[in-house]
Amino acid sequence: KFLQNTCKRNVFLPSRKMLPSTSVNSSVQGNGVLNSRDAARHTAGAKRYKYLRRLFRFRQMDFEFAAWQMLYLFTSPQRVYRNFHYRKQTKDQWARDDPAFLVLLSIWLCVSTIGFGFVLDMGFFETIKLLLWVVFIDCVGVGLLIATLMWFISNKYLVKRQSRDYDVEWGYAFDVHLNAFYPLLVILHFIQLFFINHVILTDTFIGYLVGNTLWLVAVGYYIYVTFLGYSALPFLKNTVILLYPFAPLILLYGLSLALGWNFTHTLCSFYKYRVK
């Protein structure tokens with residue numbers, strides 16, 4: 001028995017030493033899978049790379065679906081965000097993976113800005129300069145700033161306590177901005193063009209009533225579509241606070257009519273100052 005016990009100990013002792021040892025702080029788990037933080041970073045980077053790569057491959061873009069989204073952002077924006085839910089279920093991300101919407105929005109922005117330059121009687125080089133300002137500063141620059149601010153606020157203050165494992169994707173915050181920016185762009189940079197010279201800039205009450213009302217509708221659309229974007233995320237709370245800017249917006253609208261302040265006239269003067 002003594003010899004048998006000694007042999008058993010000699011047999012099993014080396015096997016214990018051969019067991020792999022795992023560190024709690026190691027970034028790689030015992031099964032060879034990255035921990036959740038590193039996996040999330042890798043996934044986010046891969047999705048960003050895929051999006052930027054598709055930005056230059058027009059044949060892979062679904063322009064028909066992007067045009068459908070642009071239409072429903074006016075008629076039924078809730079349907080657009082239901083599609084974001086479907087993307088989360090099928091592709092495990094809230095943000096768009098197809099840059100077709102961004103491409104169509106850029107085309108809209110270029111065409112409408114050229115129309116603005118024509119209405120304001122700008123020259124060729126002045127119009128190109130205005131186009132560069134509007135695209136890279138007003139759309140991209142301000143868009144990145146607003147998306148980053150909303151991304152920070154929503155993750156810092158709006159995530160439910162029991163949903164701390166979830167967070168708002170920065171790409172989704174930027175998509176919400178683009179969704180809200182599109183109706184504003186169409187109203188102020190396209191529809192308004194037909195009324196600028198003959199109605200809005202006539203220095204009459206009807207002029208700044210029409211112009212400021214268009215501004216009220218455009219900015220109201222931006223606020224509402226932004227609210228819908230964040231309220232569509234099930235792990236956020238108190239998203240109704242995103243509707244609070246309606247109060248100062250309506251107050252500012254009333255004051256502008258009482259004081260005779262024409263928002264469009266201010267915008268046109270600012271555009272002309274930019275291209276000097």
# chains A, B, ... in the order shown; residues from 1 in each chain; ligands from 1

call {"tool": "residues_around", "arguments": {"residues": "Val210 (chain A)", "least_positions_apart": "3", "cutoff": "8 Å", "atoms": "only C-alpha atoms", "output": "mmCIF file with all heavy atoms, in the first residue's frame"}}
result
data_model
loop_
_atom_site.group_PDB
_atom_site.id
_atom_site.type_symbol
_atom_site.label_atom_id
_atom_site.label_comp_id
_atom_site.auth_asym_id
_atom_site.auth_seq_id
_atom_site.Cartn_x
_atom_site.Cartn_y
_atom_site.Cartn_z
ATOM 1 N N VAL A 199 -40.104 87.820 -51.024
ATOM 2 C CA VAL A 199 -40.971 87.836 -49.841
ATOM 3 C C VAL A 199 -40.171 88.130 -48.573
ATOM 4 O O VAL A 199 -40.433 89.107 -47.861
ATOM 5 C CB VAL A 199 -41.727 86.492 -49.687
ATOM 6 C CG1 VAL A 199 -42.595 86.521 -48.421
ATOM 7 C CG2 VAL A 199 -42.566 86.193 -50.910
ATOM 8 N N ILE A 200 -39.177 87.300 -48.269
ATOM 9 C CA ILE A 200 -38.524 87.333 -46.960
ATOM 10 C C ILE A 200 -37.679 88.583 -46.762
ATOM 11 O O ILE A 200 -37.684 89.192 -45.684
ATOM 12 C CB ILE A 200 -37.681 86.057 -46.754
ATOM 13 C CG1 ILE A 200 -38.593 84.824 -46.797
ATOM 14 C CG2 ILE A 200 -36.924 86.110 -45.436
ATOM 15 C CD1 ILE A 200 -37.851 83.501 -46.683
ATOM 16 N N ILE A 206 -44.757 90.666 -43.254
ATOM 17 C CA ILE A 206 -44.975 89.384 -43.928
ATOM 18 C C ILE A 206 -43.638 88.725 -44.234
ATOM 19 O O ILE A 206 -43.493 87.495 -44.133
ATOM 20 C CB ILE A 206 -45.782 89.586 -45.224
ATOM 21 C CG1 ILE A 206 -47.173 90.138 -44.912
ATOM 22 C CG2 ILE A 206 -45.889 88.277 -45.988
ATOM 23 C CD1 ILE A 206 -48.017 89.210 -44.057
ATOM 24 N N GLY A 207 -42.630 89.542 -44.582
ATOM 25 C CA GLY A 207 -41.320 88.995 -44.910
ATOM 26 C C GLY A 207 -40.685 88.254 -43.751
ATOM 27 O O GLY A 207 -40.325 87.071 -43.872
ATOM 28 N N THR A 213 -40.842 81.930 -39.526
ATOM 29 C CA THR A 213 -41.655 80.727 -39.369
ATOM 30 C C THR A 213 -40.949 79.522 -39.971
ATOM 31 O O THR A 213 -40.992 78.412 -39.408
ATOM 32 C CB THR A 213 -43.029 80.915 -40.020
ATOM 33 O OG1 THR A 213 -43.699 82.028 -39.417
ATOM 34 C CG2 THR A 213 -43.884 79.667 -39.855
ATOM 35 N N LEU A 214 -40.287 79.721 -41.108
ATOM 36 C CA LEU A 214 -39.496 78.636 -41.683
ATOM 37 C C LEU A 214 -38.371 78.222 -40.737
ATOM 38 O O LEU A 214 -38.077 77.027 -40.580
ATOM 39 C CB LEU A 214 -38.920 79.049 -43.036
ATOM 40 C CG LEU A 214 -39.915 79.172 -44.190
ATOM 41 C CD1 LEU A 214 -39.236 79.719 -45.436
ATOM 42 C CD2 LEU A 214 -40.559 77.817 -44.487
#

call {"tool": "residues_around", "arguments": {"residues": "region 160-172 of chain A", "least_positions_apart": "4", "cutoff": "6 Å", "atoms": "only C-alpha atoms", "output": "list in words"}}
result
Trp94, Ala95, Trp151, Asn155, Phe235, Leu236 and Lys237 of chain A

call {"tool": "atom_distance", "arguments": {"atom1": "CA of Leu255 (chain A)", "atom2": "CA of Tyr208 (chain A)"}}
result
11.8 Å

call {"tool": "residues_around", "arguments": {"residues": "region 112-117 of chain A", "least_positions_apart": "6", "cutoff": "6 Å", "atoms": "only C-alpha atoms", "output": "list of chain:residue names"}}
result
A:Thr127, A:Leu131, A:His189, A:Phe190

call {"tool": "residues_around", "arguments": {"residues": "Gln69 (chain A)", "least_positions_apart": "4", "cutoff": "12 Å", "atoms": "only C-alpha atoms", "output": "mmCIF file with all heavy atoms, in the first residue's frame"}}
result
data_model
loop_
_atom_site.group_PDB
_atom_site.id
_atom_site.type_symbol
_atom_site.label_atom_id
_atom_site.label_comp_id
_atom_site.auth_asym_id
_atom_site.auth_seq_id
_atom_site.Cartn_x
_atom_site.Cartn_y
_atom_site.Cartn_z
ATOM 1 N N ASP A 62 -26.397 51.468 -50.679
ATOM 2 C CA ASP A 62 -27.825 51.323 -50.973
ATOM 3 C C ASP A 62 -28.456 52.717 -50.993
ATOM 4 O O ASP A 62 -29.025 53.183 -50.009
ATOM 5 C CB ASP A 62 -28.487 50.449 -49.912
ATOM 6 C CG ASP A 62 -29.901 50.041 -50.297
ATOM 7 O OD1 ASP A 62 -30.423 50.588 -51.295
ATOM 8 O OD2 ASP A 62 -30.476 49.181 -49.605
ATOM 9 N N PHE A 63 -28.362 53.389 -52.151
ATOM 10 C CA PHE A 63 -28.889 54.751 -52.264
ATOM 11 C C PHE A 63 -30.417 54.776 -52.228
ATOM 12 O O PHE A 63 -31.012 55.755 -51.787
ATOM 13 C CB PHE A 63 -28.371 55.403 -53.538
ATOM 14 C CG PHE A 63 -26.905 55.723 -53.502
ATOM 15 C CD1 PHE A 63 -25.995 54.958 -54.215
ATOM 16 C CD2 PHE A 63 -26.418 56.768 -52.741
ATOM 17 C CE1 PHE A 63 -24.634 55.242 -54.178
ATOM 18 C CE2 PHE A 63 -25.062 57.066 -52.695
ATOM 19 C CZ PHE A 63 -24.168 56.293 -53.417
ATOM 20 N N GLU A 64 -31.033 53.722 -52.702
ATOM 21 C CA GLU A 64 -32.496 53.682 -52.676
ATOM 22 C C GLU A 64 -33.015 53.674 -51.249
ATOM 23 O O GLU A 64 -33.965 54.382 -50.908
ATOM 24 C CB GLU A 64 -32.986 52.432 -53.421
ATOM 25 C CG GLU A 64 -34.497 52.310 -53.486
ATOM 26 C CD GLU A 64 -34.948 51.079 -54.245
ATOM 27 O OE1 GLU A 64 -34.082 50.363 -54.802
ATOM 28 O OE2 GLU A 64 -36.166 50.830 -54.291
ATOM 29 N N PHE A 65 -32.380 52.888 -50.399
ATOM 30 C CA PHE A 65 -32.792 52.846 -48.989
ATOM 31 C C PHE A 65 -32.498 54.169 -48.294
ATOM 32 O O PHE A 65 -33.288 54.639 -47.468
ATOM 33 C CB PHE A 65 -32.079 51.696 -48.284
ATOM 34 C CG PHE A 65 -32.451 51.535 -46.847
ATOM 35 C CD1 PHE A 65 -33.715 51.087 -46.495
ATOM 36 C CD2 PHE A 65 -31.557 51.842 -45.837
ATOM 37 C CE1 PHE A 65 -34.078 50.945 -45.164
ATOM 38 C CE2 PHE A 65 -31.904 51.706 -44.507
ATOM 39 C CZ PHE A 65 -33.169 51.248 -44.172
ATOM 40 N N LEU A 73 -37.967 60.904 -42.976
ATOM 41 C CA LEU A 73 -37.572 61.865 -41.941
ATOM 42 C C LEU A 73 -38.521 63.056 -41.914
ATOM 43 O O LEU A 73 -38.627 63.751 -40.897
ATOM 44 C CB LEU A 73 -36.132 62.337 -42.187
ATOM 45 C CG LEU A 73 -35.041 61.365 -41.735
ATOM 46 C CD1 LEU A 73 -33.675 61.856 -42.184
ATOM 47 C CD2 LEU A 73 -35.057 61.189 -40.216
ATOM 48 N N PHE A 74 -39.216 63.297 -43.025
ATOM 49 C CA PHE A 74 -40.229 64.352 -43.066
ATOM 50 C C PHE A 74 -41.610 63.839 -42.685
ATOM 51 O O PHE A 74 -42.346 64.502 -41.967
ATOM 52 C CB PHE A 74 -40.289 64.964 -44.468
ATOM 53 C CG PHE A 74 -39.274 66.038 -44.714
ATOM 54 C CD1 PHE A 74 -38.121 65.770 -45.413
ATOM 55 C CD2 PHE A 74 -39.458 67.327 -44.230
ATOM 56 C CE1 PHE A 74 -37.174 66.761 -45.646
ATOM 57 C CE2 PHE A 74 -38.522 68.322 -44.446
ATOM 58 C CZ PHE A 74 -37.374 68.040 -45.153
ATOM 59 N N THR A 75 -41.960 62.670 -43.180
ATOM 60 C CA THR A 75 -43.337 62.188 -43.019
ATOM 61 C C THR A 75 -43.531 61.340 -41.772
ATOM 62 O O THR A 75 -44.559 61.445 -41.099
ATOM 63 C CB THR A 75 -43.753 61.381 -44.251
ATOM 64 O OG1 THR A 75 -42.850 60.262 -44.418
ATOM 65 C CG2 THR A 75 -43.695 62.242 -45.510
ATOM 66 N N SER A 76 -42.544 60.493 -41.450
ATOM 67 C CA SER A 76 -42.677 59.607 -40.289
ATOM 68 C C SER A 76 -41.296 59.220 -39.776
ATOM 69 O O SER A 76 -40.808 58.110 -40.030
ATOM 70 C CB SER A 76 -43.473 58.346 -40.673
ATOM 71 O OG SER A 76 -43.629 57.495 -39.556
ATOM 72 N N PRO A 77 -40.631 60.126 -39.053
ATOM 73 C CA PRO A 77 -39.258 59.828 -38.596
ATOM 74 C C PRO A 77 -39.159 58.645 -37.652
ATOM 75 O O PRO A 77 -38.096 58.036 -37.526
ATOM 76 C CB PRO A 77 -38.834 61.129 -37.903
ATOM 77 C CG PRO A 77 -40.095 61.853 -37.594
ATOM 78 C CD PRO A 77 -41.067 61.472 -38.664
ATOM 79 N N GLN A 78 -40.281 58.281 -36.984
ATOM 80 C CA GLN A 78 -40.233 57.112 -36.103
ATOM 81 C C GLN A 78 -39.893 55.844 -36.879
ATOM 82 O O GLN A 78 -39.207 54.949 -36.368
ATOM 83 C CB GLN A 78 -41.578 56.921 -35.387
ATOM 84 C CG GLN A 78 -41.948 58.055 -34.461
ATOM 85 C CD GLN A 78 -42.791 59.105 -35.150
ATOM 86 O OE1 GLN A 78 -42.747 59.236 -36.371
ATOM 87 N NE2 GLN A 78 -43.545 59.854 -34.380
ATOM 88 N N ARG A 79 -40.330 55.760 -38.131
ATOM 89 C CA ARG A 79 -40.050 54.571 -38.940
ATOM 90 C C ARG A 79 -38.560 54.453 -39.246
ATOM 91 O O ARG A 79 -38.032 53.346 -39.355
ATOM 92 C CB ARG A 79 -40.854 54.620 -40.247
ATOM 93 C CG ARG A 79 -42.354 54.573 -40.047
ATOM 94 C CD ARG A 79 -43.093 54.513 -41.362
ATOM 95 N NE ARG A 79 -42.786 53.301 -42.108
ATOM 96 C CZ ARG A 79 -43.367 52.968 -43.267
ATOM 97 N NH1 ARG A 79 -44.264 53.786 -43.804
ATOM 98 N NH2 ARG A 79 -43.032 51.854 -43.877
ATOM 99 N N VAL A 80 -37.891 55.576 -39.375
ATOM 100 C CA VAL A 80 -36.447 55.550 -39.619
ATOM 101 C C VAL A 80 -35.724 54.929 -38.432
ATOM 102 O O VAL A 80 -34.828 54.091 -38.595
ATOM 103 C CB VAL A 80 -35.915 56.970 -39.893
ATOM 104 C CG1 VAL A 80 -34.400 56.957 -40.063
ATOM 105 C CG2 VAL A 80 -36.581 57.551 -41.139
ATOM 106 N N TYR A 81 -36.114 55.300 -37.227
ATOM 107 C CA TYR A 81 -35.429 54.778 -36.044
ATOM 108 C C TYR A 81 -35.834 53.344 -35.735
ATOM 109 O O TYR A 81 -35.088 52.635 -35.048
ATOM 110 C CB TYR A 81 -35.696 55.690 -34.846
ATOM 111 C CG TYR A 81 -34.938 56.998 -34.963
ATOM 112 C CD1 TYR A 81 -35.612 58.207 -35.150
ATOM 113 C CD2 TYR A 81 -33.553 57.019 -34.922
ATOM 114 C CE1 TYR A 81 -34.909 59.398 -35.266
ATOM 115 C CE2 TYR A 81 -32.843 58.207 -35.041
ATOM 116 C CZ TYR A 81 -33.526 59.386 -35.215
ATOM 117 O OH TYR A 81 -32.829 60.557 -35.346
ATOM 118 N N ARG A 82 -36.986 52.893 -36.228
ATOM 119 C CA ARG A 82 -37.302 51.479 -36.113
ATOM 120 C C ARG A 82 -36.322 50.640 -36.922
ATOM 121 O O ARG A 82 -35.984 49.511 -36.547
ATOM 122 C CB ARG A 82 -38.746 51.218 -36.560
ATOM 123 C CG ARG A 82 -39.780 51.554 -35.503
ATOM 124 C CD ARG A 82 -41.094 50.847 -35.767
ATOM 125 N NE ARG A 82 -41.760 51.349 -36.960
ATOM 126 C CZ ARG A 82 -42.654 52.337 -36.952
ATOM 127 N NH1 ARG A 82 -42.961 52.942 -35.816
ATOM 128 N NH2 ARG A 82 -43.235 52.720 -38.070
ATOM 129 N N ASN A 83 -35.858 51.196 -38.031
ATOM 130 C CA ASN A 83 -34.843 50.506 -38.815
ATOM 131 C C ASN A 83 -33.521 50.413 -38.051
ATOM 132 O O ASN A 83 -32.782 49.429 -38.192
ATOM 133 C CB ASN A 83 -34.632 51.218 -40.149
ATOM 134 C CG ASN A 83 -33.510 50.624 -40.958
ATOM 135 O OD1 ASN A 83 -32.405 51.153 -40.984
ATOM 136 N ND2 ASN A 83 -33.784 49.510 -41.622
ATOM 137 N N PHE A 84 -33.206 51.418 -37.232
ATOM 138 C CA PHE A 84 -32.000 51.349 -36.405
ATOM 139 C C PHE A 84 -32.111 50.205 -35.399
ATOM 140 O O PHE A 84 -31.116 49.534 -35.108
ATOM 141 C CB PHE A 84 -31.795 52.678 -35.677
ATOM 142 C CG PHE A 84 -31.167 53.752 -36.516
ATOM 143 C CD1 PHE A 84 -31.899 54.431 -37.480
ATOM 144 C CD2 PHE A 84 -29.832 54.084 -36.355
ATOM 145 C CE1 PHE A 84 -31.326 55.417 -38.264
ATOM 146 C CE2 PHE A 84 -29.240 55.079 -37.138
ATOM 147 C CZ PHE A 84 -29.994 55.743 -38.094
ATOM 148 N N ARG A 96 -25.199 53.572 -38.474
ATOM 149 C CA ARG A 96 -25.249 53.109 -39.857
ATOM 150 C C ARG A 96 -23.915 52.459 -40.251
ATOM 151 O O ARG A 96 -22.851 52.931 -39.854
ATOM 152 C CB ARG A 96 -25.533 54.269 -40.809
ATOM 153 C CG ARG A 96 -26.939 54.828 -40.739
ATOM 154 C CD ARG A 96 -27.143 55.864 -41.844
ATOM 155 N NE ARG A 96 -28.515 56.369 -41.863
ATOM 156 C CZ ARG A 96 -28.892 57.496 -41.300
ATOM 157 N NH1 ARG A 96 -28.005 58.247 -40.680
ATOM 158 N NH2 ARG A 96 -30.158 57.884 -41.356
ATOM 159 N N ALA A 100 -24.248 55.664 -47.537
ATOM 160 C CA ALA A 100 -25.064 56.212 -48.627
ATOM 161 C C ALA A 100 -25.829 57.455 -48.185
ATOM 162 O O ALA A 100 -25.960 58.419 -48.944
ATOM 163 C CB ALA A 100 -26.031 55.143 -49.148
ATOM 164 N N PHE A 101 -26.354 57.447 -46.961
ATOM 165 C CA PHE A 101 -27.095 58.607 -46.459
ATOM 166 C C PHE A 101 -26.193 59.828 -46.393
ATOM 167 O O PHE A 101 -26.596 60.935 -46.776
ATOM 168 C CB PHE A 101 -27.674 58.292 -45.075
ATOM 169 C CG PHE A 101 -28.581 59.360 -44.541
ATOM 170 C CD1 PHE A 101 -29.941 59.309 -44.771
ATOM 171 C CD2 PHE A 101 -28.077 60.430 -43.797
ATOM 172 C CE1 PHE A 101 -30.792 60.309 -44.280
ATOM 173 C CE2 PHE A 101 -28.911 61.420 -43.307
ATOM 174 C CZ PHE A 101 -30.272 61.357 -43.552
ATOM 175 N N LEU A 102 -24.969 59.656 -45.925
ATOM 176 C CA LEU A 102 -24.023 60.772 -45.836
ATOM 177 C C LEU A 102 -23.686 61.316 -47.219
ATOM 178 O O LEU A 102 -23.572 62.531 -47.405
ATOM 179 C CB LEU A 102 -22.756 60.319 -45.118
ATOM 180 C CG LEU A 102 -21.642 61.351 -44.963
ATOM 181 C CD1 LEU A 102 -22.124 62.549 -44.159
ATOM 182 C CD2 LEU A 102 -20.426 60.725 -44.301
ATOM 183 N N LEU A 104 -25.613 61.176 -49.988
ATOM 184 C CA LEU A 104 -26.768 61.912 -50.511
ATOM 185 C C LEU A 104 -26.947 63.247 -49.796
ATOM 186 O O LEU A 104 -27.303 64.256 -50.422
ATOM 187 C CB LEU A 104 -28.034 61.068 -50.371
ATOM 188 C CG LEU A 104 -28.148 59.834 -51.268
ATOM 189 C CD1 LEU A 104 -29.508 59.160 -51.077
ATOM 190 C CD2 LEU A 104 -27.954 60.205 -52.733
ATOM 191 N N LEU A 105 -26.695 63.264 -48.505
ATOM 192 C CA LEU A 105 -26.784 64.522 -47.758
ATOM 193 C C LEU A 105 -25.748 65.523 -48.258
ATOM 194 O O LEU A 105 -26.041 66.725 -48.383
ATOM 195 C CB LEU A 105 -26.583 64.254 -46.266
ATOM 196 C CG LEU A 105 -26.636 65.474 -45.345
ATOM 197 C CD1 LEU A 105 -28.015 66.117 -45.380
ATOM 198 C CD2 LEU A 105 -26.269 65.078 -43.914
ATOM 199 N N ASP A 175 -25.091 59.950 -36.411
ATOM 200 C CA ASP A 175 -26.214 59.632 -37.290
ATOM 201 C C ASP A 175 -27.473 60.397 -36.888
ATOM 202 O O ASP A 175 -28.234 60.856 -37.749
ATOM 203 C CB ASP A 175 -26.503 58.127 -37.267
ATOM 204 C CG ASP A 175 -25.553 57.337 -38.153
ATOM 205 O OD1 ASP A 175 -24.986 57.936 -39.086
ATOM 206 O OD2 ASP A 175 -25.365 56.132 -37.908
ATOM 207 N N LEU A 178 -27.132 63.847 -38.227
ATOM 208 C CA LEU A 178 -27.372 63.895 -39.675
ATOM 209 C C LEU A 178 -28.866 63.770 -39.976
ATOM 210 O O LEU A 178 -29.386 64.468 -40.861
ATOM 211 C CB LEU A 178 -26.591 62.784 -40.374
ATOM 212 C CG LEU A 178 -25.064 62.876 -40.329
ATOM 213 C CD1 LEU A 178 -24.441 61.715 -41.089
ATOM 214 C CD2 LEU A 178 -24.565 64.200 -40.879
ATOM 215 N N ASN A 179 -29.555 62.889 -39.268
ATOM 216 C CA ASN A 179 -31.003 62.742 -39.462
ATOM 217 C C ASN A 179 -31.736 64.046 -39.170
ATOM 218 O O ASN A 179 -32.655 64.434 -39.899
ATOM 219 C CB ASN A 179 -31.551 61.638 -38.553
ATOM 220 C CG ASN A 179 -31.094 60.255 -38.974
ATOM 221 O OD1 ASN A 179 -30.627 60.044 -40.100
ATOM 222 N ND2 ASN A 179 -31.202 59.302 -38.071
ATOM 223 N N ALA A 180 -31.338 64.717 -38.097
ATOM 224 C CA ALA A 180 -32.010 65.958 -37.708
ATOM 225 C C ALA A 180 -31.593 67.120 -38.595
ATOM 226 O O ALA A 180 -32.375 68.054 -38.812
ATOM 227 C CB ALA A 180 -31.699 66.272 -36.241
ATOM 228 N N TYR A 182 -30.885 67.004 -41.832
ATOM 229 C CA TYR A 182 -31.413 66.942 -43.194
ATOM 230 C C TYR A 182 -32.704 67.750 -43.375
ATOM 231 O O TYR A 182 -32.797 68.563 -44.308
ATOM 232 C CB TYR A 182 -31.630 65.488 -43.616
ATOM 233 C CG TYR A 182 -32.326 65.360 -44.937
ATOM 234 C CD1 TYR A 182 -31.686 65.719 -46.122
ATOM 235 C CD2 TYR A 182 -33.645 64.913 -45.009
ATOM 236 C CE1 TYR A 182 -32.340 65.623 -47.346
ATOM 237 C CE2 TYR A 182 -34.290 64.813 -46.216
ATOM 238 C CZ TYR A 182 -33.639 65.165 -47.383
ATOM 239 O OH TYR A 182 -34.290 65.085 -48.586
ATOM 240 N N PRO A 183 -33.753 67.587 -42.530
ATOM 241 C CA PRO A 183 -34.938 68.438 -42.702
ATOM 242 C C PRO A 183 -34.625 69.921 -42.562
ATOM 243 O O PRO A 183 -35.175 70.751 -43.304
ATOM 244 C CB PRO A 183 -35.885 67.961 -41.589
ATOM 245 C CG PRO A 183 -35.427 66.584 -41.265
ATOM 246 C CD PRO A 183 -33.945 66.608 -41.451
#

call {"tool": "residues_around", "arguments": {"residues": "Glu126 (chain A)", "least_positions_apart": "3", "cutoff": "12 Å", "atoms": "only C-alpha atoms", "output": "CSV table (one decimal) with N, CA, C and O atoms, in the first residue's frame"}}
result
chain,number,residue,atom,x,y,z
A,113,THR,N,-26.5,74.8,-51.5
A,113,THR,CA,-25.5,76.0,-51.3
A,113,THR,C,-25.2,76.7,-52.6
A,113,THR,O,-25.2,78.0,-52.6
A,114,ILE,N,-25.1,76.0,-53.7
A,114,ILE,CA,-24.9,76.7,-55.0
A,114,ILE,C,-26.1,77.5,-55.3
A,114,ILE,O,-26.0,78.6,-55.8
A,116,PHE,N,-28.1,78.8,-53.1
A,116,PHE,CA,-28.1,80.0,-52.2
A,116,PHE,C,-27.1,81.1,-52.8
A,116,PHE,O,-27.4,82.3,-52.8
A,117,GLY,N,-26.0,80.6,-53.3
A,117,GLY,CA,-25.1,81.6,-53.9
A,117,GLY,C,-25.7,82.3,-55.2
A,117,GLY,O,-25.5,83.5,-55.4
A,118,PHE,N,-26.5,81.5,-55.9
A,118,PHE,CA,-27.1,82.1,-57.1
A,118,PHE,C,-28.2,83.2,-56.7
A,118,PHE,O,-28.3,84.2,-57.3
A,120,LEU,N,-28.3,84.9,-53.9
A,120,LEU,CA,-27.6,86.1,-53.4
A,120,LEU,C,-26.7,86.8,-54.3
A,120,LEU,O,-26.0,87.7,-54.0
A,121,ASP,N,-26.7,86.3,-55.6
A,121,ASP,CA,-26.0,87.0,-56.7
A,121,ASP,C,-24.5,87.0,-56.4
A,121,ASP,O,-23.8,88.0,-56.6
A,122,MET,N,-24.0,85.8,-56.0
A,122,MET,CA,-22.5,85.7,-55.7
A,122,MET,C,-21.8,85.2,-57.0
A,122,MET,O,-22.4,84.6,-57.9
A,123,GLY,N,-20.6,85.5,-57.1
A,123,GLY,CA,-19.8,85.1,-58.2
A,123,GLY,C,-19.4,83.6,-58.1
A,123,GLY,O,-19.6,83.0,-57.0
A,129,LYS,N,-16.3,79.3,-52.3
A,129,LYS,CA,-15.8,79.6,-51.0
A,129,LYS,C,-17.0,79.3,-49.9
A,129,LYS,O,-16.7,78.8,-48.9
A,130,LEU,N,-18.2,79.8,-50.3
A,130,LEU,CA,-19.3,79.5,-49.4
A,130,LEU,C,-19.6,78.1,-49.3
A,130,LEU,O,-19.9,77.6,-48.2
A,131,LEU,N,-19.5,77.3,-50.4
A,131,LEU,CA,-19.7,75.9,-50.3
A,131,LEU,C,-18.7,75.2,-49.4
A,131,LEU,O,-19.1,74.3,-48.6
A,132,LEU,N,-17.4,75.6,-49.4
A,132,LEU,CA,-16.4,75.0,-48.6
A,132,LEU,C,-16.7,75.3,-47.1
A,132,LEU,O,-16.6,74.4,-46.2
A,133,TRP,N,-17.2,76.5,-46.8
A,133,TRP,CA,-17.5,76.9,-45.5
A,133,TRP,C,-18.7,76.1,-45.0
A,133,TRP,O,-18.7,75.5,-43.8
A,271,TYR,N,-23.4,85.1,-44.6
A,271,TYR,CA,-22.9,84.4,-45.7
A,271,TYR,C,-22.0,85.3,-46.6
A,271,TYR,O,-21.0,85.0,-47.1
A,272,LYS,N,-22.6,86.5,-46.8
A,272,LYS,CA,-21.8,87.5,-47.7
A,272,LYS,C,-20.5,87.9,-47.0
A,272,LYS,O,-19.5,88.1,-47.6
A,273,TYR,N,-20.6,88.0,-45.6
A,273,TYR,CA,-19.4,88.4,-44.9
A,273,TYR,C,-18.3,87.3,-45.0
A,273,TYR,O,-17.1,87.6,-45.1
A,274,ARG,N,-18.7,86.0,-45.0
A,274,ARG,CA,-17.8,84.9,-45.1
A,274,ARG,C,-17.0,84.9,-46.3
A,274,ARG,O,-15.8,84.6,-46.3
A,275,VAL,N,-17.6,85.3,-47.4
A,275,VAL,CA,-16.9,85.1,-48.7
A,275,VAL,C,-16.2,86.3,-49.2
A,275,VAL,O,-15.7,86.4,-50.3
A,276,LYS,N,-16.1,87.4,-48.3
A,276,LYS,CA,-15.4,88.6,-48.7
A,276,LYS,C,-13.9,88.3,-48.8
A,276,LYS,O,-13.3,87.5,-48.0

call {"tool": "atom_distance", "arguments": {"atom1": "CA of Gln93 (chain A)", "atom2": "CA of Tyr224 (chain A)"}}
result
22.8 Å

call {"tool": "select_by_dssp", "arguments": {"residues": "region 233-275 of chain A", "states": "helix (DSSP H, G or I)", "output": "PyMOL selection string"}}
result
chain A and resi 239-243+246-259+263-274

call {"tool": "closest_residue", "arguments": {"among": "A:Ala173, A:Val225, A:Trp215, A:Leu242", "to": "Gln192 (chain A)", "atoms": "only C-alpha atoms"}}
result
A:Trp215

call {"tool": "atom_distance", "arguments": {"atom1": "CA of Val134 (chain A)", "atom2": "CA of Val219 (chain A)"}}
result
17.1 Å

call {"tool": "closest_residue", "arguments": {"among": "A:Leu249, A:Ile241, A:Ile187, A:Val159", "to": "Thr264 (chain A)", "atoms": "only C-alpha atoms"}}
result
A:Ile187

call {"tool": "residues_around", "arguments": {"residues": "Pro248 (chain A)", "least_positions_apart": "6", "cutoff": "12 Å", "atoms": "only C-alpha atoms", "output": "list in words"}}
result
Leu216, Val219, Gly220, Ile223, Gly254, Leu255 and Ser256 of chain A

call {"tool": "closest_residue", "arguments": {"among": "A:Leu251, A:Leu201, A:Val217, A:Val186", "to": "Ser269 (chain A)", "atoms": "only C-alpha atoms"}}
result
A:Leu201

call {"tool": "decode", "arguments": {"residues": "region 260-264 of chain A", "atoms": "N, CA, C and O atoms", "output": "PDB file, in the first residue's frame"}}
result
ATOM      1  N   GLY A 260     -39.096  92.762 -34.961  1.00  0.00           N
ATOM      2  CA  GLY A 260     -38.805  92.889 -36.385  1.00  0.00           C
ATOM      3  C   GLY A 260     -37.439  92.341 -36.772  1.00  0.00           C
ATOM      4  O   GLY A 260     -36.791  92.850 -37.694  1.00  0.00           O
ATOM      5  N   TRP A 261     -37.005  91.283 -36.095  1.00  0.00           N
ATOM      6  CA  TRP A 261     -35.705  90.683 -36.363  1.00  0.00           C
ATOM      7  C   TRP A 261     -35.872  89.587 -37.405  1.00  0.00           C
ATOM      8  O   TRP A 261     -36.551  88.593 -37.173  1.00  0.00           O
ATOM      9  N   ASN A 262     -35.254  89.760 -38.558  1.00  0.00           N
ATOM     10  CA  ASN A 262     -35.371  88.805 -39.659  1.00  0.00           C
ATOM     11  C   ASN A 262     -34.182  87.847 -39.617  1.00  0.00           C
ATOM     12  O   ASN A 262     -33.051  88.216 -39.939  1.00  0.00           O
ATOM     13  N   PHE A 263     -34.434  86.591 -39.236  1.00  0.00           N
ATOM     14  CA  PHE A 263     -33.354  85.609 -39.130  1.00  0.00           C
ATOM     15  C   PHE A 263     -32.668  85.371 -40.477  1.00  0.00           C
ATOM     16  O   PHE A 263     -31.441  85.244 -40.540  1.00  0.00           O
ATOM     17  N   THR A 264     -33.453  85.295 -41.534  1.00  0.00           N
ATOM     18  CA  THR A 264     -32.880  85.011 -42.852  1.00  0.00           C
ATOM     19  C   THR A 264     -31.998  86.148 -43.327  1.00  0.00           C
ATOM     20  O   THR A 264     -30.962  85.929 -43.957  1.00  0.00           O
TER      21      THR A 264
END
